[in-house]
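J.: One file is attached below, data28.txt, containing compact mmCIF, N, CA and C atoms.
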# COMPACT_ATOMS: atom_id res chain seq x y z
N MET G 1 -17.57 -16.96 3.95
CA MET G 1 -17.50 -15.60 3.45
C MET G 1 -18.22 -14.63 4.37
N GLU G 2 -19.29 -15.10 5.03
CA GLU G 2 -20.08 -14.26 5.92
C GLU G 2 -19.24 -13.68 7.05
N ILE G 3 -18.17 -14.36 7.39
CA ILE G 3 -17.30 -13.92 8.49
C ILE G 3 -16.78 -12.51 8.27
N TRP G 4 -16.53 -12.13 7.01
CA TRP G 4 -16.00 -10.80 6.73
C TRP G 4 -17.00 -9.71 7.10
N GLY G 5 -18.27 -9.99 6.98
CA GLY G 5 -19.30 -9.04 7.41
C GLY G 5 -19.28 -8.84 8.91
N TYR G 6 -19.11 -9.95 9.64
CA TYR G 6 -19.03 -9.85 11.10
C TYR G 6 -17.75 -9.14 11.54
N ILE G 7 -16.69 -9.38 10.82
CA ILE G 7 -15.44 -8.67 11.11
C ILE G 7 -15.63 -7.18 10.88
N GLY G 8 -16.33 -6.82 9.80
CA GLY G 8 -16.62 -5.40 9.53
C GLY G 8 -17.39 -4.75 10.66
N ALA G 9 -18.36 -5.47 11.21
CA ALA G 9 -19.15 -4.94 12.32
C ALA G 9 -18.27 -4.73 13.55
N ALA G 10 -17.43 -5.71 13.85
CA ALA G 10 -16.56 -5.60 15.02
C ALA G 10 -15.51 -4.52 14.84
N VAL G 11 -14.96 -4.44 13.65
CA VAL G 11 -13.92 -3.46 13.37
C VAL G 11 -14.48 -2.03 13.50
N CYS G 12 -15.73 -1.85 13.10
CA CYS G 12 -16.36 -0.54 13.21
C CYS G 12 -16.30 -0.04 14.65
N MET G 13 -16.76 -0.87 15.57
CA MET G 13 -16.74 -0.46 16.97
C MET G 13 -15.32 -0.34 17.51
N GLY G 14 -14.47 -1.27 17.11
CA GLY G 14 -13.08 -1.25 17.61
C GLY G 14 -12.33 0.00 17.20
N ILE G 15 -12.44 0.37 15.93
CA ILE G 15 -11.74 1.57 15.46
C ILE G 15 -12.31 2.81 16.12
N ALA G 16 -13.64 2.88 16.26
CA ALA G 16 -14.26 4.01 16.94
C ALA G 16 -13.77 4.11 18.39
N ALA G 17 -13.66 2.96 19.06
CA ALA G 17 -13.20 2.95 20.46
C ALA G 17 -11.74 3.39 20.57
N ILE G 18 -10.92 3.01 19.61
CA ILE G 18 -9.52 3.45 19.61
C ILE G 18 -9.47 4.98 19.51
N GLY G 19 -10.28 5.55 18.63
CA GLY G 19 -10.34 7.00 18.51
C GLY G 19 -10.80 7.65 19.80
N SER G 20 -11.81 7.05 20.45
CA SER G 20 -12.28 7.59 21.73
C SER G 20 -11.16 7.60 22.76
N ALA G 21 -10.42 6.51 22.83
CA ALA G 21 -9.33 6.43 23.81
C ALA G 21 -8.27 7.50 23.54
N ILE G 22 -7.92 7.67 22.29
CA ILE G 22 -6.92 8.69 21.95
C ILE G 22 -7.47 10.09 22.25
N GLY G 23 -8.71 10.34 21.85
CA GLY G 23 -9.32 11.65 22.09
C GLY G 23 -9.45 11.98 23.57
N ILE G 24 -9.86 10.98 24.36
CA ILE G 24 -9.97 11.20 25.81
C ILE G 24 -8.60 11.47 26.41
N GLY G 25 -7.59 10.77 25.93
CA GLY G 25 -6.23 11.02 26.42
C GLY G 25 -5.77 12.43 26.13
N ILE G 26 -6.03 12.91 24.92
CA ILE G 26 -5.62 14.27 24.54
C ILE G 26 -6.40 15.30 25.37
N ALA G 27 -7.73 15.16 25.42
CA ALA G 27 -8.55 16.12 26.16
C ALA G 27 -8.24 16.05 27.66
N GLY G 28 -8.00 14.84 28.16
CA GLY G 28 -7.66 14.70 29.58
C GLY G 28 -6.36 15.39 29.93
N GLN G 29 -5.38 15.31 29.05
CA GLN G 29 -4.12 16.01 29.30
C GLN G 29 -4.34 17.51 29.37
N GLY G 30 -5.20 18.02 28.49
CA GLY G 30 -5.51 19.46 28.52
C GLY G 30 -6.19 19.86 29.81
N ALA G 31 -7.15 19.04 30.26
CA ALA G 31 -7.87 19.36 31.50
C ALA G 31 -6.93 19.31 32.70
N ILE G 32 -6.09 18.30 32.76
CA ILE G 32 -5.16 18.18 33.89
C ILE G 32 -4.18 19.35 33.90
N GLY G 33 -3.70 19.74 32.72
CA GLY G 33 -2.80 20.90 32.64
C GLY G 33 -3.47 22.18 33.10
N ALA G 34 -4.74 22.35 32.71
CA ALA G 34 -5.48 23.55 33.12
C ALA G 34 -5.70 23.55 34.63
N TRP G 35 -6.05 22.37 35.18
CA TRP G 35 -6.24 22.29 36.63
C TRP G 35 -4.94 22.60 37.37
N LYS G 36 -3.84 22.08 36.86
CA LYS G 36 -2.53 22.34 37.50
C LYS G 36 -2.24 23.84 37.53
N ARG G 37 -2.50 24.48 36.40
CA ARG G 37 -2.23 25.92 36.33
C ARG G 37 -3.13 26.68 37.32
N CYS G 38 -4.37 26.22 37.48
CA CYS G 38 -5.27 26.85 38.46
C CYS G 38 -4.72 26.68 39.87
N TYR G 39 -4.26 25.47 40.19
CA TYR G 39 -3.72 25.23 41.53
C TYR G 39 -2.46 26.06 41.79
N VAL G 40 -1.60 26.16 40.79
CA VAL G 40 -0.37 26.95 40.94
C VAL G 40 -0.69 28.41 41.20
N ASN G 41 -1.76 28.90 40.56
CA ASN G 41 -2.15 30.30 40.71
C ASN G 41 -3.18 30.52 41.82
N ASN G 42 -3.40 29.48 42.64
CA ASN G 42 -4.37 29.56 43.75
C ASN G 42 -5.76 29.98 43.29
N LYS G 43 -6.16 29.47 42.11
CA LYS G 43 -7.50 29.71 41.58
C LYS G 43 -8.29 28.42 41.74
N PRO G 44 -9.62 28.51 41.83
CA PRO G 44 -10.41 27.28 41.87
C PRO G 44 -10.32 26.53 40.54
N ALA G 45 -10.18 25.22 40.62
CA ALA G 45 -10.08 24.39 39.42
C ALA G 45 -11.49 24.03 38.97
N PRO G 46 -11.90 24.46 37.76
CA PRO G 46 -13.28 24.20 37.31
C PRO G 46 -13.53 22.73 37.00
N PHE G 47 -14.48 22.14 37.71
CA PHE G 47 -14.84 20.74 37.50
C PHE G 47 -15.43 20.52 36.11
N ILE G 48 -15.99 21.56 35.51
CA ILE G 48 -16.65 21.46 34.21
C ILE G 48 -15.70 20.99 33.11
N LEU G 49 -14.40 21.04 33.35
CA LEU G 49 -13.43 20.58 32.36
C LEU G 49 -13.56 19.08 32.09
N THR G 50 -14.19 18.36 33.01
CA THR G 50 -14.39 16.93 32.77
C THR G 50 -15.32 16.70 31.57
N VAL G 51 -16.15 17.68 31.25
CA VAL G 51 -17.01 17.57 30.06
C VAL G 51 -16.14 17.48 28.81
N PHE G 52 -15.12 18.32 28.73
CA PHE G 52 -14.21 18.28 27.59
C PHE G 52 -13.46 16.95 27.54
N ALA G 53 -13.02 16.50 28.70
CA ALA G 53 -12.22 15.27 28.75
C ALA G 53 -13.04 14.04 28.35
N GLY G 54 -14.31 14.01 28.70
CA GLY G 54 -15.12 12.83 28.42
C GLY G 54 -15.88 12.85 27.10
N ALA G 55 -15.89 13.98 26.43
CA ALA G 55 -16.68 14.11 25.19
C ALA G 55 -16.35 13.07 24.13
N PRO G 56 -15.09 12.71 23.88
CA PRO G 56 -14.81 11.74 22.82
C PRO G 56 -15.31 10.32 23.08
N LEU G 57 -15.79 10.04 24.27
CA LEU G 57 -16.28 8.71 24.59
C LEU G 57 -17.50 8.32 23.75
N THR G 58 -18.28 9.28 23.32
CA THR G 58 -19.52 8.98 22.62
C THR G 58 -19.29 8.24 21.29
N GLN G 59 -18.13 8.43 20.69
CA GLN G 59 -17.86 7.73 19.42
C GLN G 59 -17.85 6.22 19.60
N THR G 60 -17.45 5.75 20.75
CA THR G 60 -17.51 4.31 21.02
C THR G 60 -18.96 3.84 21.03
N ILE G 61 -19.83 4.65 21.59
CA ILE G 61 -21.25 4.30 21.62
C ILE G 61 -21.81 4.26 20.20
N TYR G 62 -21.43 5.22 19.36
CA TYR G 62 -21.92 5.23 17.98
C TYR G 62 -21.43 4.00 17.22
N GLY G 63 -20.19 3.61 17.43
CA GLY G 63 -19.67 2.40 16.79
C GLY G 63 -20.40 1.17 17.26
N PHE G 64 -20.71 1.11 18.54
CA PHE G 64 -21.45 -0.02 19.10
C PHE G 64 -22.85 -0.10 18.51
N LEU G 65 -23.52 1.07 18.44
CA LEU G 65 -24.87 1.09 17.87
C LEU G 65 -24.88 0.66 16.41
N LEU G 66 -23.93 1.19 15.65
CA LEU G 66 -23.87 0.82 14.23
C LEU G 66 -23.61 -0.67 14.07
N MET G 67 -22.73 -1.21 14.89
CA MET G 67 -22.41 -2.63 14.82
C MET G 67 -23.66 -3.47 15.09
N ASN G 68 -24.41 -3.13 16.13
CA ASN G 68 -25.53 -3.97 16.56
C ASN G 68 -26.86 -3.68 15.87
N ILE G 69 -27.04 -2.46 15.38
CA ILE G 69 -28.32 -2.11 14.75
C ILE G 69 -28.29 -2.39 13.26
N ALA G 70 -27.16 -2.15 12.62
CA ALA G 70 -27.14 -2.25 11.16
C ALA G 70 -26.23 -3.35 10.64
N LEU G 71 -24.98 -3.30 10.96
CA LEU G 71 -24.03 -4.18 10.28
C LEU G 71 -24.28 -5.66 10.56
N LYS G 72 -24.24 -6.03 11.81
CA LYS G 72 -24.40 -7.45 12.15
C LYS G 72 -25.76 -8.00 11.72
N PRO G 73 -26.88 -7.34 12.06
CA PRO G 73 -28.17 -7.90 11.64
C PRO G 73 -28.37 -7.96 10.13
N LYS G 74 -27.86 -6.96 9.42
CA LYS G 74 -28.04 -6.96 7.96
C LYS G 74 -27.20 -8.04 7.29
N VAL G 75 -26.04 -8.33 7.86
CA VAL G 75 -25.24 -9.43 7.32
C VAL G 75 -25.93 -10.75 7.62
N MET G 76 -26.46 -10.90 8.83
CA MET G 76 -27.14 -12.15 9.22
C MET G 76 -28.36 -12.42 8.34
N SER G 77 -29.09 -11.36 8.01
CA SER G 77 -30.31 -11.54 7.22
C SER G 77 -30.04 -11.62 5.72
N GLY G 78 -28.84 -11.29 5.30
CA GLY G 78 -28.51 -11.31 3.88
C GLY G 78 -28.81 -10.02 3.15
N GLU G 79 -29.26 -8.98 3.89
CA GLU G 79 -29.56 -7.69 3.27
C GLU G 79 -28.29 -6.97 2.81
N MET G 80 -27.17 -7.28 3.43
CA MET G 80 -25.90 -6.61 3.12
C MET G 80 -24.85 -7.67 2.84
N THR G 81 -24.10 -7.46 1.78
CA THR G 81 -23.04 -8.42 1.46
C THR G 81 -21.90 -8.26 2.47
N PRO G 82 -21.21 -9.34 2.77
CA PRO G 82 -20.10 -9.27 3.72
C PRO G 82 -19.02 -8.26 3.32
N GLY G 83 -18.71 -8.19 2.03
CA GLY G 83 -17.69 -7.25 1.58
C GLY G 83 -18.10 -5.81 1.80
N PHE G 84 -19.38 -5.51 1.54
CA PHE G 84 -19.87 -4.15 1.77
C PHE G 84 -19.86 -3.83 3.26
N ALA G 85 -20.26 -4.78 4.09
CA ALA G 85 -20.26 -4.58 5.54
C ALA G 85 -18.85 -4.34 6.06
N LEU G 86 -17.89 -5.07 5.52
CA LEU G 86 -16.49 -4.87 5.92
C LEU G 86 -16.02 -3.47 5.55
N GLY G 87 -16.28 -3.06 4.31
CA GLY G 87 -15.87 -1.72 3.87
C GLY G 87 -16.57 -0.63 4.64
N LEU G 88 -17.87 -0.79 4.85
CA LEU G 88 -18.63 0.21 5.60
C LEU G 88 -18.17 0.28 7.05
N GLY G 89 -17.89 -0.86 7.64
CA GLY G 89 -17.41 -0.88 9.02
C GLY G 89 -16.08 -0.17 9.18
N ILE G 90 -15.17 -0.42 8.26
CA ILE G 90 -13.85 0.23 8.32
C ILE G 90 -13.99 1.74 8.09
N ALA G 91 -14.74 2.12 7.05
CA ALA G 91 -14.89 3.55 6.73
C ALA G 91 -15.59 4.30 7.86
N SER G 92 -16.67 3.73 8.38
CA SER G 92 -17.41 4.38 9.46
C SER G 92 -16.58 4.45 10.73
N GLY G 93 -15.89 3.36 11.04
CA GLY G 93 -15.04 3.35 12.22
C GLY G 93 -13.95 4.40 12.15
N LEU G 94 -13.34 4.55 10.97
CA LEU G 94 -12.29 5.56 10.80
C LEU G 94 -12.86 6.97 10.94
N ALA G 95 -14.04 7.21 10.37
CA ALA G 95 -14.66 8.54 10.50
C ALA G 95 -14.92 8.87 11.97
N MET G 96 -15.42 7.89 12.71
CA MET G 96 -15.68 8.11 14.13
C MET G 96 -14.38 8.27 14.91
N CYS G 97 -13.37 7.51 14.53
CA CYS G 97 -12.06 7.58 15.17
C CYS G 97 -11.46 8.98 15.05
N PHE G 98 -11.43 9.48 13.82
CA PHE G 98 -10.82 10.79 13.61
C PHE G 98 -11.67 11.91 14.19
N SER G 99 -12.99 11.72 14.25
CA SER G 99 -13.86 12.68 14.91
C SER G 99 -13.51 12.77 16.40
N ALA G 100 -13.29 11.62 17.02
CA ALA G 100 -12.95 11.60 18.45
C ALA G 100 -11.60 12.24 18.72
N ILE G 101 -10.65 12.02 17.83
CA ILE G 101 -9.32 12.62 18.00
C ILE G 101 -9.42 14.14 17.86
N ALA G 102 -10.15 14.61 16.84
CA ALA G 102 -10.34 16.05 16.67
C ALA G 102 -11.08 16.64 17.87
N GLN G 103 -12.05 15.90 18.37
CA GLN G 103 -12.80 16.36 19.53
C GLN G 103 -11.89 16.46 20.76
N GLY G 104 -10.99 15.52 20.90
CA GLY G 104 -10.04 15.57 22.01
C GLY G 104 -9.14 16.79 21.92
N LYS G 105 -8.68 17.11 20.72
CA LYS G 105 -7.83 18.29 20.54
C LYS G 105 -8.61 19.57 20.83
N ALA G 106 -9.85 19.64 20.35
CA ALA G 106 -10.69 20.82 20.63
C ALA G 106 -10.98 20.92 22.13
N GLY G 107 -11.23 19.78 22.76
CA GLY G 107 -11.49 19.77 24.20
C GLY G 107 -10.28 20.20 25.01
N ALA G 108 -9.09 19.80 24.57
CA ALA G 108 -7.86 20.22 25.26
C ALA G 108 -7.68 21.73 25.15
N ALA G 109 -7.94 22.27 23.96
CA ALA G 109 -7.82 23.72 23.78
C ALA G 109 -8.89 24.45 24.60
N GLY G 110 -10.10 23.90 24.63
CA GLY G 110 -11.15 24.50 25.43
C GLY G 110 -10.83 24.48 26.92
N SER G 111 -10.25 23.39 27.39
CA SER G 111 -9.83 23.30 28.79
C SER G 111 -8.78 24.34 29.11
N ASP G 112 -7.81 24.47 28.23
CA ASP G 112 -6.75 25.45 28.43
C ASP G 112 -7.33 26.86 28.52
N ALA G 113 -8.20 27.20 27.58
CA ALA G 113 -8.77 28.55 27.54
C ALA G 113 -9.67 28.82 28.74
N LEU G 114 -10.53 27.85 29.07
CA LEU G 114 -11.45 28.04 30.19
C LEU G 114 -10.69 28.07 31.52
N GLY G 115 -9.69 27.24 31.65
CA GLY G 115 -8.89 27.24 32.88
C GLY G 115 -8.17 28.56 33.09
N GLU G 116 -7.74 29.17 32.00
CA GLU G 116 -7.01 30.43 32.10
C GLU G 116 -7.94 31.62 32.34
N THR G 117 -9.04 31.67 31.60
CA THR G 117 -9.90 32.85 31.64
C THR G 117 -11.15 32.68 32.49
N GLY G 118 -11.62 31.44 32.65
CA GLY G 118 -12.88 31.21 33.35
C GLY G 118 -14.09 31.59 32.52
N LYS G 119 -13.88 31.88 31.25
CA LYS G 119 -14.96 32.35 30.38
C LYS G 119 -14.98 31.53 29.08
N GLY G 120 -16.15 31.55 28.42
CA GLY G 120 -16.26 31.02 27.08
C GLY G 120 -16.68 29.58 26.96
N PHE G 121 -17.19 28.96 28.02
CA PHE G 121 -17.55 27.55 27.96
C PHE G 121 -18.49 27.26 26.80
N ALA G 122 -19.51 28.09 26.61
CA ALA G 122 -20.51 27.83 25.56
C ALA G 122 -19.86 27.79 24.17
N GLN G 123 -18.96 28.70 23.91
CA GLN G 123 -18.29 28.72 22.60
C GLN G 123 -17.38 27.50 22.43
N TYR G 124 -16.67 27.15 23.47
CA TYR G 124 -15.74 26.02 23.37
C TYR G 124 -16.49 24.71 23.17
N ILE G 125 -17.60 24.54 23.87
CA ILE G 125 -18.35 23.29 23.75
C ILE G 125 -19.02 23.20 22.38
N MET G 126 -19.32 24.35 21.76
CA MET G 126 -19.88 24.31 20.40
C MET G 126 -18.88 23.73 19.41
N VAL G 127 -17.60 24.09 19.56
CA VAL G 127 -16.58 23.54 18.66
C VAL G 127 -16.43 22.04 18.90
N VAL G 128 -16.46 21.63 20.14
CA VAL G 128 -16.40 20.21 20.47
C VAL G 128 -17.60 19.49 19.83
N GLY G 129 -18.75 20.13 19.87
CA GLY G 129 -19.95 19.57 19.25
C GLY G 129 -19.85 19.46 17.74
N LEU G 130 -19.19 20.41 17.12
CA LEU G 130 -18.99 20.33 15.67
C LEU G 130 -18.16 19.10 15.31
N CYS G 131 -17.13 18.83 16.10
CA CYS G 131 -16.34 17.62 15.87
C CYS G 131 -17.19 16.37 16.05
N GLU G 132 -18.08 16.40 17.01
CA GLU G 132 -18.99 15.28 17.28
C GLU G 132 -19.90 15.01 16.09
N SER G 133 -20.31 16.07 15.40
CA SER G 133 -21.27 15.91 14.31
C SER G 133 -20.73 15.02 13.19
N VAL G 134 -19.43 14.99 12.99
CA VAL G 134 -18.86 14.11 11.96
C VAL G 134 -19.18 12.65 12.30
N ALA G 135 -19.00 12.28 13.55
CA ALA G 135 -19.29 10.90 13.96
C ALA G 135 -20.78 10.59 13.86
N LEU G 136 -21.61 11.55 14.22
CA LEU G 136 -23.06 11.34 14.10
C LEU G 136 -23.46 11.15 12.65
N PHE G 137 -22.92 11.97 11.76
CA PHE G 137 -23.22 11.83 10.33
C PHE G 137 -22.76 10.47 9.82
N ALA G 138 -21.56 10.06 10.20
CA ALA G 138 -21.05 8.76 9.77
C ALA G 138 -21.97 7.63 10.23
N MET G 139 -22.41 7.71 11.47
CA MET G 139 -23.30 6.66 11.98
C MET G 139 -24.63 6.66 11.25
N VAL G 140 -25.26 7.82 11.13
CA VAL G 140 -26.58 7.90 10.51
C VAL G 140 -26.53 7.50 9.05
N PHE G 141 -25.56 8.01 8.31
CA PHE G 141 -25.46 7.67 6.90
C PHE G 141 -25.16 6.18 6.71
N SER G 142 -24.38 5.61 7.62
CA SER G 142 -24.10 4.18 7.55
C SER G 142 -25.33 3.34 7.88
N LEU G 143 -26.14 3.84 8.82
CA LEU G 143 -27.39 3.14 9.13
C LEU G 143 -28.32 3.12 7.94
N ILE G 144 -28.30 4.19 7.15
CA ILE G 144 -29.16 4.29 5.98
C ILE G 144 -28.66 3.40 4.84
N ALA G 145 -27.35 3.20 4.76
CA ALA G 145 -26.75 2.46 3.63
C ALA G 145 -27.29 1.06 3.49
Could the structure of this file be written out as structure tokens, please?

T.:
Amino acid sequence: MEIWGYIGAAVCMGIAAIGSAIGIGIAGQGAIGAWKRCYVNNKPAPFILTVFAGAPLTQTIYGFLLMNIALKPKVMSGEMTPGFALGLGIASGLAMCFSAIAQGKAGAAGSDALGETGKGFAQYIMVVGLCESVALFAMVFSLIA
């Protein structure tokens, strides 16, 4: 029965990583499109757009931390039932996954806007950070559970 707790820990990181991959793909497409438009218009392509493209990667780190700090050790010690660990791992992983996807979409829009205007980086990164906060909350609240 303990195996389900370990599966929950692994699934948490796996689902978070899937979201990171999707989010990076979306944000990366936005950055590449913005760079292309800059090149077509003979404008300098802002390297700072890589910040938007890479932002969703952090959700994988949060999933990894949750897996190794809370889920796996608590199942091993008997502090957490395997069923609860499985449910928490799935729920937390999904929260991080969707946070990364939303972050990728916000990053793509930020890349588009910054590439076109050259202005507004601080505002755009704040929205990306708001998307990030969902994953942080999911990790922290899950660590407390």

J.: From the set G:Ser92, G:Gln29, G:Thr81, G:Gln59, which residue has the shortest atom-to-atom contact distance to Asp112 (chain G), counting all atoms listed in the file?

T.: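 With all atoms listed in the file as the atom set, the closest residue is G:Gln29.
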
J.: Would you mind listing what lies within 8 Å of region 94-102 of chain G as a list in words, with only C-alpha atoms counted and same-chain residues fewer than 6 positions away left out?

T.: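 So, after excluding close chain neighbours, the residues are Cys12, Ile15, Ala16, Ala17, Ile18, Gly19, Ser20, Ile22, Gly23, Ile24, Ile26, Pro56, Leu57, Gln59, Tyr62, Gly63, Cys131, Glu132, Val134, Ala135 and Ala138 of chain G.
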
J.: Grab all the atoms of region 130-135 of chain G that the file lists, wrap them in a box along x, y and z, add 5 Å per side, and give me centre plus edge lengths in Å (one decimal) as JSON.

T.:
{"center_x": -18.8, "center_y": 15.5, "center_z": 14.6, "size_x": 14.9, "size_y": 19.8, "size_z": 15.3}

J.: Just checking: using all atoms listed in the file, which residue out of G:Ser133, G:Glu2, G:Phe84, G:Trp35 ends up closest to Gly115 (chain G)?

T.: G:Trp35

J.: Report the distance between CA of Met1 (chain G) and CA of Ile69 (chain G) in Å, rounded to one decimal place.

T.: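 Distance reported for this atom pair: 20.7 Å.
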
J.: Quick one: DSSP alpha helix (DSSP H) residues in chain G, as a PyMOL selection string?

T.: chain G and resi 3-40+49-54+58-66+72-77+82-117+121-144

J.: Can you tell me which residues surround region 37-45 of chain G at a distance of at most 8 Å, considering all atoms listed in the file, apart from same-chain residues fewer than 5 positions away, and format the answer as a ChimeraX atom specification?

T.: /G:31-32,115-116

J.: Between CA of Gly129 (chain G) and CA of Phe64 (chain G), measure the distance and give it in Å to one decimal.

T.: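 A separation of 19.6 Å between them.
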
J.: Which one of G:Ala21, G:Ala53, G:Ala85, G:Ala27 sits closest to Ala9 (chain G) if you count only C-alpha atoms?

T.: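 When distances to Ala9 (chain G) are compared using only C-alpha atoms, the smallest one comes from G:Ala85.
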
J.: Looking at G:Leu66, G:Gly54, G:Ala108, G:Tyr124, which one is nearest to Val140 (chain G), with distances taken over only N, CA and C atoms?

T.: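 Smallest separation from Val140 (chain G) among the options: G:Leu66.
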
J.: Could you tell me which of G:Lys119, G:Met126, G:Ser142, G:Ile3 comes closest to Gly89 (chain G) if we count only N, CA and C atoms?

T.: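 For Gly89 (chain G), the nearest of the candidates is G:Ser142.
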
J.: Report the distance between CA of Leu88 (chain G) and atom C of Gly8 (chain G) in Å, rounded to one decimal place.

T.: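 For CA of Leu88 (chain G) relative to atom C of Gly8 (chain G), the distance reads 7.2 Å.
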
J.: Between G:Gln103, G:Gln123, G:Ser77, G:Thr117, which residue has the minimum interatomic distance to Gly28 (chain G), considering only C-alpha atoms?

T.: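 For Gly28 (chain G), the nearest of the candidates is G:Gln103.
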